[in-house]
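Asker: For reference, the structure I am asking about is given below.
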Number of protein chains: 2
Amino acid sequence: MNEATTGRNKPRGSYAKTGMKRAAILEAALAVFAKGGYRSGSLREMASHVGMSEAGLLHHFPNKSALLAAVLELRDEHAMEMVPFDSEDPLEPIRGLITLARYNASVPGVVELYCTLSAEGTSPDHPAHEYFVGRYDLTVSRLTHNFARCAERGILRPGMPPESAARGTVALMDGLQVQWLLDRDGVDMADELEVYLRTIVDLDA
Amino acid sequence: MNEATTGRNKPRGSYAKTGMKRAAILEAALAVFAKGGYRSGSLREMASHVGMSEAGLLHHFPNKSALLAAVLELRDEHAMEMVPFDSEDPLEPIRGLITLARYNASVPGVVELYCTLSAEGTSPDHPAHEYFVGRYDLTVSRLTHNFARCAERGILRPGMPPESAARGTVALMDGLQVQWLLDRDGVDMADELEVYLRTIVDLDA
DNA sequence: GTCTATATAGCGATAGAC
DNA sequence: GTCTATCGCTATATAGAC
């Protein structure tokens, strides 16, 4: 690998190597933040996880909360690929949510991260508070619009307000994550989500 | 107040006074744990909240996690009074959940506590892990039994497995709490819960 | 770019005076 | 029953050597 591989073109040093270090740090940070939340997750543990000192780690990220932000941003992009809100068929994003739930069961660390941090982040002085406020607002409004389109086609349960369907769907996904983390064999997040969605929308239309 | 007021009968000292201190400590602990979870909530802050030193506080409780356990136990008893699982009518506990959700909106600290701690508590080495495993297991099994009784009477939505109804209800309540904490004016937990419950059960039977 | 060393701060818990 | 004082530990972040 060289500079060309990274897509950048800087005069010195192997940016590929640096990029890989960054990626490794993000992965370690994800695992550590996931296990104990933001406050409890220590740079020390991430550093040892990735084979560096704390100071070495803080060369790549200015501080702890910037590292958190980078982790959240990265995972968010990845998740959104599974839920095509811009599809013409309003059922596609809904089916995507089930796909996402099934995928999530294969990455417990990510589930732990979002579960712990979204709870922590309800506190207004949390480093990720604004992130979660914005994220929920966006997700609910997108889903509301999507369920409204279902209603237009007559495949949303009569009398169900689109916003309630949206908030209910998000709430159910979040709540199922807690139950799944507490009892991974006893709960199937994707199945339970599908049961719920089928009660409010005609998935086979 | 004297010993008789407390219901105990010990040779020395005013137990009423001690009992009041204990209650004050529990209240402070609830607020502090609620704001930042277990790890971030410090005995120091609770102590200053209640006008005592940390050592004075630890005279009443052996350590930090015992204090957490006491808080959880106390609030649990209180909440359970609102949900009469032993009622003959299986709709009564379900209506009780809506009452509970409405009540919860008046005690944000309690909601924050459960929200933050149930997420933290998914980690196996958390002081409250066993508590939450047991609590969810019990709640889901009670609710499953209750929805099964609804099914017998033909007021549960056809094809809806009682356990899915139970897990869905618990998940929805948990998830709505997160959304409510992030946007208290935009979300009505009790209303949304009722919308959900009405889609799976005939509440007016 | 990564290290060692260190500054600064907060934590839970204990010992012992009163 | 409550206090002061303190121990031992962990944390983030910075300074400067290499």
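Here's how to read the names in the structure tokens: chain A, B, ... by the order shown, residue numbers from 1 in each chain, ligand numbers from 1 in the order shown.
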Do a least-squares overlay of chain B on chain A, C-alpha atoms all paired in order, then report the RMSD in Å.
Answerer: 0.1 Å
Asker: Excluding same-chain residues fewer than 4 positions from Ala205 of chain B, what lies within 12 Å of it counting only C-alpha atoms (C1' of nucleotides), as a ChimeraX atom specification?
Answerer: /B:89-92,95,150,153-156,198,201
Asker: Using only C-alpha atoms (C1' of nucleotides), what table do you get, as CSV, when you list each residue of chain C with an atom no more than 8 Å from chain A, its nearest pair of atoms, and their distance in Å rounded to one decimal, rows by chain then rising number?
Answerer:
```
residue,atom,partner,partner_atom,distance
C:DG1,C1',A:Gly56,CA,7.5
C:DT2,C1',A:Gly56,CA,5.3
C:DC3,C1',A:Gly56,CA,7.5
```
Asker: Output as a list in words the set of chain A residues within 6 Å of chain B, with distances taken over only C-alpha atoms.
Answerer: Cys115, Thr116, Ala119, Glu120, Thr122, Val133, Ala171, Leu172, Asp174, Gly175, Leu176, Leu181 and Leu182 of chain A
Asker: Would you mind writing down, as an MDAnalysis selection string, each residue of chain A that DSSP on the backbone assigns to alpha helix (DSSP H)?
Answerer: chainID A and resid 3:6 15:40 43:50 54:60 64:80 91:104 108:120 129:152 162:182 189:200
Asker: Would you kindly report the residues of chain D within 9 Å of chain B, using only C-alpha atoms (C1' of nucleotides), as a ChimeraX atom specification?
Answerer: /D:1-3
Asker: Could you jot down the atom CA of Ala29 of chain A to atom CA of Ile98 of chain A separation for me, Å, one decimal place?
Answerer: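 According to the coordinates, atom CA of Ala29 of chain A and atom CA of Ile98 of chain A are separated by 26.8 Å.
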Asker: For the atom pair atom CA of Leu68 of chain B and atom CA of Ala31 of chain B, what is the interatomic distance in Å to one decimal place?
Answerer: 11.3 Å
Asker: DC9 of chain D: which residues within 12 Å, counting only C-alpha atoms (C1' of nucleotides), same-chain residues fewer than 4 positions away excluded, as a list in words?
Answerer: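 Counting only C-alpha atoms (C1' of nucleotides), the residues come to DG10, DC11, DG12 and DA13 of chain C.
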Asker: Can you pull out the residues contacting DA13 of chain D? Cut-off 10 Å, using only C-alpha atoms (C1' of nucleotides), and skip same-chain residues under 4 positions away; I want them as a ChimeraX atom specification.
Answerer: /A:54-55,58,62-64 /C:7-8
